[in-house]
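Chemist: TSV, C-alpha atoms (C1' of nucleotides), saved as data.tsv, coming up:
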```tsv
chain	number	residue	atom	x	y	z
A	1	MET	CA	107.89	81.08	122.72
A	2	THR	CA	110.32	80.41	119.94
A	3	ASP	CA	108.39	77.52	118.49
A	4	SER	CA	108.80	77.18	114.79
A	5	ILE	CA	105.80	78.33	112.80
A	6	ALA	CA	104.10	76.19	110.18
A	7	LEU	CA	104.90	77.73	106.80
A	8	ASP	CA	103.44	76.41	103.60
A	9	THR	CA	104.71	76.59	100.05
A	10	VAL	CA	103.21	80.02	99.43
A	11	ASP	CA	104.80	81.48	102.56
A	12	LEU	CA	108.22	80.12	101.68
A	13	HIS	CA	107.97	81.33	98.10
A	14	ILE	CA	107.09	84.81	99.35
A	15	LEU	CA	109.96	84.75	101.85
A	16	ARG	CA	112.44	83.75	99.17
A	17	LEU	CA	111.30	86.56	96.89
A	18	LEU	CA	111.32	89.15	99.66
A	19	GLN	CA	114.80	88.11	100.71
A	20	ASN	CA	115.97	88.87	97.18
A	21	ASP	CA	114.37	92.30	97.34
A	22	ALA	CA	112.34	93.34	100.34
A	23	ARG	CA	110.66	96.09	98.30
A	24	THR	CA	108.95	93.71	95.90
A	25	THR	CA	105.34	94.87	95.62
A	26	TYR	CA	102.48	92.61	96.67
A	27	ARG	CA	101.30	92.84	93.11
A	28	ASP	CA	104.58	91.39	91.79
A	29	LEU	CA	104.72	88.83	94.57
A	30	ALA	CA	101.22	87.71	93.66
A	31	ALA	CA	102.07	87.36	89.99
A	32	GLU	CA	105.15	85.31	90.81
A	33	VAL	CA	103.61	83.07	93.44
A	34	GLY	CA	100.28	82.62	91.69
A	35	VAL	CA	97.85	84.02	94.26
A	36	ALA	CA	95.98	87.29	94.67
A	37	PRO	CA	97.80	90.41	95.95
A	38	SER	CA	95.49	90.55	98.93
A	39	THR	CA	96.52	87.01	99.81
A	40	CYS	CA	100.17	88.01	99.74
A	41	LEU	CA	99.42	90.90	102.04
A	42	ASP	CA	97.60	88.50	104.33
A	43	ARG	CA	100.49	86.06	104.44
A	44	VAL	CA	103.10	88.74	105.07
A	45	THR	CA	100.98	90.36	107.77
A	46	ARG	CA	100.57	87.01	109.47
A	47	MET	CA	104.30	86.28	109.30
A	48	ARG	CA	104.99	89.67	110.83
A	49	ARG	CA	102.51	89.01	113.63
A	50	THR	CA	103.85	85.55	114.36
A	51	GLY	CA	107.40	86.87	114.49
A	52	VAL	CA	108.80	85.06	111.47
A	53	ILE	CA	109.40	88.43	109.82
A	54	LEU	CA	111.14	90.72	112.30
A	55	GLY	CA	111.30	93.79	110.11
A	56	HIS	CA	112.62	95.48	107.03
A	57	GLN	CA	116.19	96.67	107.19
A	58	LEU	CA	118.24	99.01	105.05
A	59	ARG	CA	121.53	97.56	103.84
A	60	LEU	CA	124.24	100.21	103.73
A	61	ASP	CA	127.79	100.19	102.44
A	62	PRO	CA	130.08	101.03	105.37
A	63	ALA	CA	132.92	101.89	103.00
A	64	ARG	CA	130.83	104.60	101.30
A	65	MET	CA	130.18	106.07	104.72
A	66	GLY	CA	133.80	106.46	105.67
A	67	ARG	CA	134.09	103.11	107.43
A	68	GLY	CA	136.24	101.23	104.96
A	69	LEU	CA	137.79	98.84	107.47
A	70	GLU	CA	135.89	96.12	109.28
A	71	ALA	CA	137.12	93.80	111.97
A	72	LEU	CA	136.05	91.14	114.44
A	73	LEU	CA	137.11	91.54	118.04
A	74	SER	CA	137.16	88.50	120.30
A	75	VAL	CA	136.78	89.68	123.87
A	76	GLN	CA	137.39	87.79	127.08
A	77	VAL	CA	135.53	89.28	130.04
A	78	ARG	CA	136.74	88.35	133.52
A	79	PRO	CA	135.12	87.79	135.89
A	80	HIS	CA	132.12	86.82	133.80
A	81	ARG	CA	129.40	88.02	136.14
A	82	ARG	CA	126.05	89.62	135.30
A	83	GLU	CA	126.75	92.90	137.05
A	84	LEU	CA	129.83	93.35	134.88
A	85	ILE	CA	128.64	92.03	131.54
A	86	GLY	CA	125.38	94.00	131.58
A	87	PRO	CA	127.04	97.41	131.32
A	88	PHE	CA	129.72	95.99	129.03
A	89	VAL	CA	127.16	94.70	126.53
A	90	GLU	CA	125.16	97.91	126.70
A	91	ARG	CA	128.24	100.04	126.11
A	92	ILE	CA	129.50	97.98	123.19
A	93	ARG	CA	126.04	97.81	121.60
A	94	THR	CA	125.74	101.57	121.49
A	95	LEU	CA	129.15	102.30	120.03
A	96	PRO	CA	128.76	103.85	116.58
A	97	GLU	CA	131.45	101.46	115.36
A	98	SER	CA	129.61	98.31	116.42
A	99	ARG	CA	127.64	96.40	113.83
A	100	ALA	CA	126.89	93.18	115.72
A	101	LEU	CA	127.64	91.57	119.06
A	102	PHE	CA	127.66	87.87	119.94
A	103	HIS	CA	127.83	86.09	123.26
A	104	LEU	CA	129.57	82.80	122.56
A	105	THR	CA	130.68	79.53	124.07
A	106	GLY	CA	134.41	78.97	124.25
A	107	PRO	CA	137.33	80.79	125.82
A	108	ASP	CA	136.43	84.14	124.24
A	109	ASP	CA	133.11	85.28	125.63
A	110	TYR	CA	132.13	87.94	123.11
A	111	LEU	CA	132.66	88.63	119.45
A	112	VAL	CA	132.15	92.17	118.20
A	113	HIS	CA	131.82	93.08	114.53
A	114	VAL	CA	133.01	96.66	114.07
A	115	ALA	CA	133.35	99.07	111.14
A	116	VAL	CA	135.96	101.80	111.38
A	117	ALA	CA	137.67	104.33	109.14
A	118	ASP	CA	141.19	102.88	109.15
A	119	THR	CA	143.71	101.05	111.30
A	120	ALA	CA	144.37	104.11	113.44
A	121	ASP	CA	140.66	104.35	114.14
A	122	LEU	CA	140.62	100.66	115.00
A	123	GLN	CA	143.53	101.05	117.38
A	124	ARG	CA	141.80	103.95	119.10
A	125	LEU	CA	138.61	101.91	119.44
A	126	VAL	CA	140.38	98.87	120.89
A	127	LEU	CA	142.42	100.91	123.35
A	128	ASP	CA	139.72	103.35	124.45
A	129	GLU	CA	136.65	101.14	124.53
A	130	PHE	CA	137.94	97.63	125.16
A	131	THR	CA	141.35	97.15	126.76
A	132	SER	CA	140.79	100.20	128.96
A	133	ARG	CA	137.79	98.54	130.59
A	134	ARG	CA	138.57	96.72	133.80
A	135	GLU	CA	136.42	93.70	133.02
A	136	VAL	CA	138.04	93.11	129.63
A	137	ALA	CA	140.79	90.57	130.13
A	138	ARG	CA	141.84	90.05	126.54
A	139	VAL	CA	141.02	91.36	123.06
A	140	GLU	CA	141.99	89.62	119.87
A	141	THR	CA	141.57	91.62	116.67
A	142	ARG	CA	141.06	90.08	113.25
A	143	LEU	CA	140.56	92.18	110.13
A	144	ILE	CA	137.87	91.27	107.61
A	145	PHE	CA	139.31	90.87	104.11
A	146	GLN	CA	136.00	90.07	102.51
A	147	GLN	CA	132.52	89.07	103.55
A	148	TRP	CA	129.57	87.44	101.88
A	149	GLU	CA	125.89	87.48	102.62
A	150	CYS	CA	124.53	84.01	102.13
A	151	GLY	CA	121.43	82.65	100.45
A	152	PRO	CA	117.88	83.11	101.69
A	153	LEU	CA	117.11	81.78	105.16
A	154	LEU	CA	114.68	78.88	104.90
A	155	PRO	CA	113.52	76.13	107.24
A	156	PRO	CA	115.36	72.81	107.28
A	157	SER	CA	113.83	70.52	104.64
A	158	ALA	CA	112.65	67.64	106.81
A	159	THR	CA	111.90	69.59	109.96
A	160	THR	CA	108.74	71.47	110.97
A	161	ALA	CA	106.40	68.75	109.83
A	162	GLY	CA	102.84	69.68	110.62
A	163	PRO	CA	99.79	71.28	109.05
A	164	GLY	CA	101.79	72.82	106.25
A	165	THR	CA	104.53	71.47	104.07
A	166	CYS	CA	107.75	73.26	104.80
A	167	GLN	CA	109.82	72.81	101.71
A	168	ALA	CA	110.07	74.88	98.59
A	169	SER	CA	108.39	73.42	95.56
A	170	GLU	CA	109.78	75.52	92.74
A	171	PRO	CA	113.44	76.45	92.38
A	172	ASP	CA	114.25	79.88	91.02
B	1	MET	CA	135.73	103.31	93.85
B	2	THR	CA	134.87	102.97	97.48
B	3	ASP	CA	135.38	106.64	98.27
B	4	SER	CA	133.16	107.86	101.02
B	5	ILE	CA	130.26	110.01	99.86
B	6	ALA	CA	129.50	113.44	101.24
B	7	LEU	CA	126.34	113.15	103.30
B	8	ASP	CA	124.68	116.15	104.90
B	9	THR	CA	122.43	116.41	107.91
B	10	VAL	CA	119.29	115.59	105.95
B	11	ASP	CA	120.84	112.46	104.43
B	12	LEU	CA	121.99	111.20	107.80
B	13	HIS	CA	118.64	111.89	109.41
B	14	ILE	CA	116.92	109.93	106.65
B	15	LEU	CA	119.38	107.07	106.99
B	16	ARG	CA	118.83	106.86	110.72
B	17	LEU	CA	115.05	106.74	110.29
B	18	LEU	CA	115.22	104.18	107.50
B	19	GLN	CA	117.49	101.97	109.58
B	20	ASN	CA	114.78	101.88	112.22
B	21	ASP	CA	112.18	100.87	109.64
B	22	ALA	CA	113.12	100.63	106.00
B	23	ARG	CA	109.46	100.83	104.98
B	24	THR	CA	108.93	104.34	106.34
B	25	THR	CA	107.12	106.30	103.64
B	26	TYR	CA	108.67	109.39	102.08
B	27	ARG	CA	105.74	111.30	103.48
B	28	ASP	CA	106.59	110.26	107.05
B	29	LEU	CA	110.30	110.77	106.46
B	30	ALA	CA	109.57	114.27	105.21
B	31	ALA	CA	107.46	115.13	108.24
B	32	GLU	CA	110.18	113.93	110.59
B	33	VAL	CA	113.14	115.48	108.81
B	34	GLY	CA	111.45	118.74	107.91
B	35	VAL	CA	111.71	118.73	104.12
B	36	ALA	CA	109.32	117.91	101.29
B	37	PRO	CA	108.52	114.27	100.43
B	38	SER	CA	109.92	114.78	96.96
B	39	THR	CA	113.17	115.92	98.50
B	40	CYS	CA	113.34	112.76	100.58
B	41	LEU	CA	112.77	110.69	97.48
B	42	ASP	CA	115.50	112.66	95.77
B	43	ARG	CA	117.97	112.04	98.58
B	44	VAL	CA	117.21	108.34	98.84
B	45	THR	CA	117.45	107.90	95.07
B	46	ARG	CA	120.82	109.61	95.08
B	47	MET	CA	122.10	107.47	97.93
B	48	ARG	CA	120.99	104.37	96.08
B	49	ARG	CA	122.76	105.53	92.92
B	50	THR	CA	125.97	106.42	94.73
B	51	GLY	CA	126.01	103.05	96.47
B	52	VAL	CA	125.52	104.25	100.04
B	53	ILE	CA	122.23	102.33	100.13
B	54	LEU	CA	122.80	98.82	98.86
B	55	GLY	CA	119.26	97.55	99.16
B	56	HIS	CA	116.38	96.61	101.37
B	57	GLN	CA	116.59	93.39	103.31
B	58	LEU	CA	114.05	91.31	105.17
B	59	ARG	CA	115.02	90.38	108.71
B	60	LEU	CA	113.77	86.94	109.70
B	61	ASP	CA	113.81	85.03	112.98
B	62	PRO	CA	115.75	81.79	112.40
B	63	ALA	CA	114.25	80.23	115.53
B	64	ARG	CA	110.73	80.66	114.18
B	65	MET	CA	111.81	78.84	111.04
B	66	GLY	CA	113.09	75.74	112.77
B	67	ARG	CA	116.67	76.93	113.11
B	68	GLY	CA	116.85	77.58	116.82
B	69	LEU	CA	120.58	77.03	117.17
B	70	GLU	CA	123.21	79.33	115.75
B	71	ALA	CA	126.96	78.92	115.77
B	72	LEU	CA	130.17	80.40	114.46
B	73	LEU	CA	132.63	78.08	112.76
B	74	SER	CA	136.27	79.10	112.49
B	75	VAL	CA	137.78	77.29	109.56
B	76	GLN	CA	141.42	76.87	108.65
B	77	VAL	CA	141.94	76.11	104.95
B	78	ARG	CA	145.25	74.56	103.92
B	79	PRO	CA	146.84	75.12	101.52
B	80	HIS	CA	145.34	78.57	101.16
B	81	ARG	CA	145.40	78.79	97.37
B	82	ARG	CA	142.90	80.40	95.02
B	83	GLU	CA	142.00	77.21	93.21
B	84	LEU	CA	140.98	75.65	96.50
B	85	ILE	CA	139.32	78.55	98.29
B	86	GLY	CA	137.16	79.53	95.31
B	87	PRO	CA	135.07	76.35	95.35
B	88	PHE	CA	135.17	76.27	99.15
B	89	VAL	CA	133.70	79.76	99.46
B	90	GLU	CA	131.11	79.04	96.80
B	91	ARG	CA	130.03	75.84	98.48
B	92	ILE	CA	129.77	77.35	101.95
B	93	ARG	CA	127.91	80.42	100.63
B	94	THR	CA	125.19	78.30	99.10
B	95	LEU	CA	124.56	76.06	102.08
B	96	PRO	CA	121.04	76.65	103.43
B	97	GLU	CA	122.54	76.77	106.92
B	98	SER	CA	124.96	79.61	106.13
B	99	ARG	CA	124.01	83.12	107.14
B	100	ALA	CA	127.32	84.93	106.63
B	101	LEU	CA	130.88	84.18	105.65
B	102	PHE	CA	134.02	86.16	106.48
B	103	HIS	CA	137.56	85.91	105.16
B	104	LEU	CA	139.78	87.04	108.02
B	105	THR	CA	143.32	87.75	109.03
B	106	GLY	CA	144.76	85.48	111.68
B	107	PRO	CA	145.36	81.74	111.99
B	108	ASP	CA	141.76	80.85	111.13
B	109	ASP	CA	141.07	81.90	107.57
B	110	TYR	CA	137.27	81.86	107.50
B	111	LEU	CA	134.44	82.43	109.92
B	112	VAL	CA	131.03	81.02	109.04
B	113	HIS	CA	127.83	82.06	110.79
B	114	VAL	CA	125.35	79.19	110.56
B	115	ALA	CA	121.80	78.54	111.76
B	116	VAL	CA	120.73	74.95	112.36
B	117	ALA	CA	117.90	73.05	114.01
B	118	ASP	CA	119.81	71.55	116.94
B	119	THR	CA	123.16	70.15	117.98
B	120	ALA	CA	122.66	66.97	115.95
B	121	ASP	CA	122.05	69.11	112.89
B	122	LEU	CA	125.15	71.12	113.69
B	123	GLN	CA	127.26	67.98	114.04
B	124	ARG	CA	125.99	66.73	110.69
B	125	LEU	CA	126.81	70.06	109.07
B	126	VAL	CA	130.34	70.20	110.48
B	127	LEU	CA	131.12	66.61	109.56
B	128	ASP	CA	129.52	66.52	106.11
B	129	GLU	CA	130.31	69.96	104.80
B	130	PHE	CA	133.48	71.03	106.59
B	131	THR	CA	135.79	68.40	108.08
B	132	SER	CA	135.04	66.06	105.19
B	133	ARG	CA	136.53	68.55	102.72
B	134	ARG	CA	140.19	67.93	101.91
B	135	GLU	CA	141.17	71.61	102.06
B	136	VAL	CA	139.67	72.12	105.51
B	137	ALA	CA	142.48	71.64	108.00
B	138	ARG	CA	140.63	72.59	111.18
B	139	VAL	CA	137.17	73.63	112.33
B	140	GLU	CA	136.43	75.25	115.66
B	141	THR	CA	132.78	75.48	116.63
B	142	ARG	CA	131.37	78.07	119.02
B	143	LEU	CA	127.68	78.28	119.87
B	144	ILE	CA	125.90	81.62	119.96
B	145	PHE	CA	124.17	82.18	123.29
B	146	GLN	CA	122.76	85.55	122.33
B	147	GLN	CA	123.28	88.17	119.68
B	148	TRP	CA	122.50	91.84	119.33
B	149	GLU	CA	122.02	94.07	116.34
B	150	CYS	CA	123.73	97.36	117.02
B	151	GLY	CA	122.75	100.96	116.43
B	152	PRO	CA	122.37	102.61	113.04
B	153	LEU	CA	125.46	102.71	110.86
B	154	LEU	CA	126.66	106.29	110.51
B	155	PRO	CA	129.84	107.96	109.32
B	156	PRO	CA	132.61	108.76	111.79
B	157	SER	CA	132.04	112.22	113.28
B	158	ALA	CA	135.21	113.98	112.26
B	159	THR	CA	135.91	112.15	109.04
B	160	THR	CA	134.55	112.79	105.54
B	161	ALA	CA	135.01	116.51	105.74
B	162	GLY	CA	133.92	118.14	102.51
B	163	PRO	CA	130.96	119.92	100.93
B	164	GLY	CA	128.54	118.48	103.46
B	165	THR	CA	128.65	118.14	107.19
B	166	CYS	CA	128.74	114.53	108.22
B	167	GLN	CA	127.43	114.47	111.72
B	168	ALA	CA	123.96	114.09	113.08
B	169	SER	CA	122.41	117.26	114.39
B	170	GLU	CA	119.34	116.05	116.26
B	171	PRO	CA	119.26	113.09	118.59
B	172	ASP	CA	116.14	110.94	118.62
C	1	DT	C1'	90.87	81.58	103.62
C	2	DT	C1'	91.19	83.25	99.15
C	3	DT	C1'	89.49	86.33	95.95
C	4	DG	C1'	88.21	90.44	92.85
C	5	DA	C1'	87.24	95.05	92.78
C	6	DA	C1'	86.97	99.52	94.54
C	7	DA	C1'	88.70	103.45	97.44
C	8	DC	C1'	92.37	105.28	99.46
C	9	DG	C1'	97.00	106.86	99.90
C	10	DC	C1'	101.59	106.89	98.20
C	11	DC	C1'	105.04	107.34	94.66
C	12	DG	C1'	107.56	109.78	91.44
C	13	DT	C1'	107.73	112.88	87.53
C	14	DC	C1'	107.44	117.54	86.28
C	15	DG	C1'	107.49	122.55	86.01
C	16	DC	C1'	108.52	126.19	88.88
C	17	DC	C1'	110.88	128.64	92.37
D	1	DG	C1'	118.78	121.87	94.50
D	2	DG	C1'	114.30	122.09	96.86
D	3	DC	C1'	109.40	122.49	96.50
D	4	DG	C1'	104.37	121.58	95.39
D	5	DA	C1'	100.91	119.38	92.46
D	6	DC	C1'	99.10	116.08	89.62
D	7	DG	C1'	98.56	111.43	87.24
D	8	DG	C1'	99.39	106.63	87.74
D	9	DC	C1'	99.80	102.84	90.49
D	10	DG	C1'	100.24	100.01	94.57
D	11	DT	C1'	98.13	98.96	98.78
D	12	DT	C1'	94.50	97.72	101.68
D	13	DT	C1'	89.88	97.03	102.81
D	14	DC	C1'	85.66	94.37	102.33
D	15	DA	C1'	81.94	91.42	101.05
D	16	DA	C1'	81.18	87.19	98.86
D	17	DA	C1'	82.22	82.44	97.92
```
Could you show the structure in this file as structure tokens?

Modeler:
Amino acid sequence: MTDSIALDTVDLHILRLLQNDARTTYRDLAAEVGVAPSTCLDRVTRMRRTGVILGHQLRLDPARMGRGLEALLSVQVRPHRRELIGPFVERIRTLPESRALFHLTGPDDYLVHVAVADTADLQRLVLDEFTSRREVARVETRLIFQQWECGPLLPPSATTAGPGTCQASEPD
Amino acid sequence: MTDSIALDTVDLHILRLLQNDARTTYRDLAAEVGVAPSTCLDRVTRMRRTGVILGHQLRLDPARMGRGLEALLSVQVRPHRRELIGPFVERIRTLPESRALFHLTGPDDYLVHVAVADTADLQRLVLDEFTSRREVARVETRLIFQQWECGPLLPPSATTAGPGTCQASEPD
DNA sequence: TTTGAAACGCCGTCGCC
DNA sequence: GGCGACGGCGTTTCAAA
């Protein structure tokens, strides 16, 4: 189900360009990659159908929206049983403050990335939505000073051998 | 510089729709929101210029690209001085395995979200790129069982009072 | 499977309200 | 500031190779 898909040089080149700017036109993609625009459309459509491309997302600035403070909350849920964590996950997911939620190995079961207005807002969130819940045994709050998005996501160089070569041929 | 921008009902409605699918056409946005397409274009252009909208990003499935294992690495850097953390951050940012990097409060200075092929690949990454660095005092590795993207990012309800109302009027 | 070209539909400026 | 229309362009289809 989650098998890795064979991606050739053209696919990877397109992915790298689209990760720089997802609004790049097929016409510009084609000029850059060296194929016809219709071919680019074909490749992108295929990668959407095979699940490599999940979707196009808008990147917003939380600070410009009145959420100038971000934090990571490590949450220990006890007892860690399905009938408790189901509602917990669903509740946390739908909070307007939540940006991402991870279920992790280790002593802290969940990590929640939240964006709030200020420290008072953060305190309210932690008290009202986390520590007040019976199944939440412990919450550890860490503020985010700074964060970086990292380079384009590409397959490992030597992996995914198969019908297509899976490494980039031309650096930027 | 990072003042929150006044966003009215139309802006927020557009943002919610674009966060579902960033490729929604202005024509479809207009039909949904109840204004003219040119008005939608106007609003989006303004939000791009004011920095609310940072850009359009492609969402990919790491598993389909041969990176079926994700992990969070908590890294303690000692001594925590600018001349050491600058190159460290730059190196980690440009690793093909890195997806995101956070500078945090608390005993662990950095959190790195990585995507790798398997546990052997993860071990290689930790040994070669983290514990082998002189300034890295400690690395704690936690695997990601599951992760969730959360709802659309919107301003806090009561905050950002001003010329425009900043709360959503119509639920989906 | 890629391509070139043609038809369609969207974008984005503009003048007007 | 929002609206409607028009010109230009990007997208998408399709038949051929």

Chemist: Compute the set of chain A residues within 7 Å of chain B, using only C-alpha atoms, and express it as a PyMOL selection string.

Modeler: chain A and resi 2-5+18-19+21-23+51-61+63-67+93-94+96+98-106+142-151+153-156+159-160

Chemist: Residues of the last selection are to be written out with C-alpha atoms, as a PDB file, keeping the file's coordinate frame.

Modeler:
```
ATOM      1  CA  THR A   2     110.320  80.410 119.940  1.00  0.00           C
ATOM      2  CA  ASP A   3     108.390  77.520 118.490  1.00  0.00           C
ATOM      3  CA  SER A   4     108.800  77.180 114.790  1.00  0.00           C
ATOM      4  CA  ILE A   5     105.800  78.330 112.800  1.00  0.00           C
ATOM      5  CA  LEU A  18     111.320  89.150  99.660  1.00  0.00           C
ATOM      6  CA  GLN A  19     114.800  88.110 100.710  1.00  0.00           C
ATOM      7  CA  ASP A  21     114.370  92.300  97.340  1.00  0.00           C
ATOM      8  CA  ALA A  22     112.340  93.340 100.340  1.00  0.00           C
ATOM      9  CA  ARG A  23     110.660  96.090  98.300  1.00  0.00           C
ATOM     10  CA  GLY A  51     107.400  86.870 114.490  1.00  0.00           C
ATOM     11  CA  VAL A  52     108.800  85.060 111.470  1.00  0.00           C
ATOM     12  CA  ILE A  53     109.400  88.430 109.820  1.00  0.00           C
ATOM     13  CA  LEU A  54     111.140  90.720 112.300  1.00  0.00           C
ATOM     14  CA  GLY A  55     111.300  93.790 110.110  1.00  0.00           C
ATOM     15  CA  HIS A  56     112.620  95.480 107.030  1.00  0.00           C
ATOM     16  CA  GLN A  57     116.190  96.670 107.190  1.00  0.00           C
ATOM     17  CA  LEU A  58     118.240  99.010 105.050  1.00  0.00           C
ATOM     18  CA  ARG A  59     121.530  97.560 103.840  1.00  0.00           C
ATOM     19  CA  LEU A  60     124.240 100.210 103.730  1.00  0.00           C
ATOM     20  CA  ASP A  61     127.790 100.190 102.440  1.00  0.00           C
ATOM     21  CA  ALA A  63     132.920 101.890 103.000  1.00  0.00           C
ATOM     22  CA  ARG A  64     130.830 104.600 101.300  1.00  0.00           C
ATOM     23  CA  MET A  65     130.180 106.070 104.720  1.00  0.00           C
ATOM     24  CA  GLY A  66     133.800 106.460 105.670  1.00  0.00           C
ATOM     25  CA  ARG A  67     134.090 103.110 107.430  1.00  0.00           C
ATOM     26  CA  ARG A  93     126.040  97.810 121.600  1.00  0.00           C
ATOM     27  CA  THR A  94     125.740 101.570 121.490  1.00  0.00           C
ATOM     28  CA  PRO A  96     128.760 103.850 116.580  1.00  0.00           C
ATOM     29  CA  SER A  98     129.610  98.310 116.420  1.00  0.00           C
ATOM     30  CA  ARG A  99     127.640  96.400 113.830  1.00  0.00           C
ATOM     31  CA  ALA A 100     126.890  93.180 115.720  1.00  0.00           C
ATOM     32  CA  LEU A 101     127.640  91.570 119.060  1.00  0.00           C
ATOM     33  CA  PHE A 102     127.660  87.870 119.940  1.00  0.00           C
ATOM     34  CA  HIS A 103     127.830  86.090 123.260  1.00  0.00           C
ATOM     35  CA  LEU A 104     129.570  82.800 122.560  1.00  0.00           C
ATOM     36  CA  THR A 105     130.680  79.530 124.070  1.00  0.00           C
ATOM     37  CA  GLY A 106     134.410  78.970 124.250  1.00  0.00           C
ATOM     38  CA  ARG A 142     141.060  90.080 113.250  1.00  0.00           C
ATOM     39  CA  LEU A 143     140.560  92.180 110.130  1.00  0.00           C
ATOM     40  CA  ILE A 144     137.870  91.270 107.610  1.00  0.00           C
ATOM     41  CA  PHE A 145     139.310  90.870 104.110  1.00  0.00           C
ATOM     42  CA  GLN A 146     136.000  90.070 102.510  1.00  0.00           C
ATOM     43  CA  GLN A 147     132.520  89.070 103.550  1.00  0.00           C
ATOM     44  CA  TRP A 148     129.570  87.440 101.880  1.00  0.00           C
ATOM     45  CA  GLU A 149     125.890  87.480 102.620  1.00  0.00           C
ATOM     46  CA  CYS A 150     124.530  84.010 102.130  1.00  0.00           C
ATOM     47  CA  GLY A 151     121.430  82.650 100.450  1.00  0.00           C
ATOM     48  CA  LEU A 153     117.110  81.780 105.160  1.00  0.00           C
ATOM     49  CA  LEU A 154     114.680  78.880 104.900  1.00  0.00           C
ATOM     50  CA  PRO A 155     113.520  76.130 107.240  1.00  0.00           C
ATOM     51  CA  PRO A 156     115.360  72.810 107.280  1.00  0.00           C
ATOM     52  CA  THR A 159     111.900  69.590 109.960  1.00  0.00           C
ATOM     53  CA  THR A 160     108.740  71.470 110.970  1.00  0.00           C
TER      54      THR A 160
END
```

Chemist: Select, as a ChimeraX atom specification, those residues of chain B with any atom no more than 12 Å from chain D (distances computed using all atoms listed in the file).

Modeler: /B:30,34-43

Chemist: Using all atoms listed in the file, select each residue of chain C with any atom at most 10 Å away from an atom of chain A, and give the selection as a ChimeraX atom specification.

Modeler: /C:1-4

Chemist: Tell me, in Å to one decimal, how far CA of Leu29 (chain B) is from CA of Ile14 (chain B).

Modeler: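 Computed distance, CA of Leu29 (chain B) to CA of Ile14 (chain B), equals 6.7 Å.
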
Chemist: May I ask for the distance between CA of Val136 (chain A) and CA of Phe88 (chain A), given in Å to one decimal place?

Modeler: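 Atom-to-atom, CA of Val136 (chain A) and CA of Phe88 (chain A) are spaced 8.8 Å apart.
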
Chemist: Could you jot down the CA of Glu135 (chain A) to CA of Ile85 (chain A) separation for me, Å, one decimal place?

Modeler: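 Computing the Euclidean distance for CA of Glu135 (chain A) and CA of Ile85 (chain A) yields 8.1 Å.
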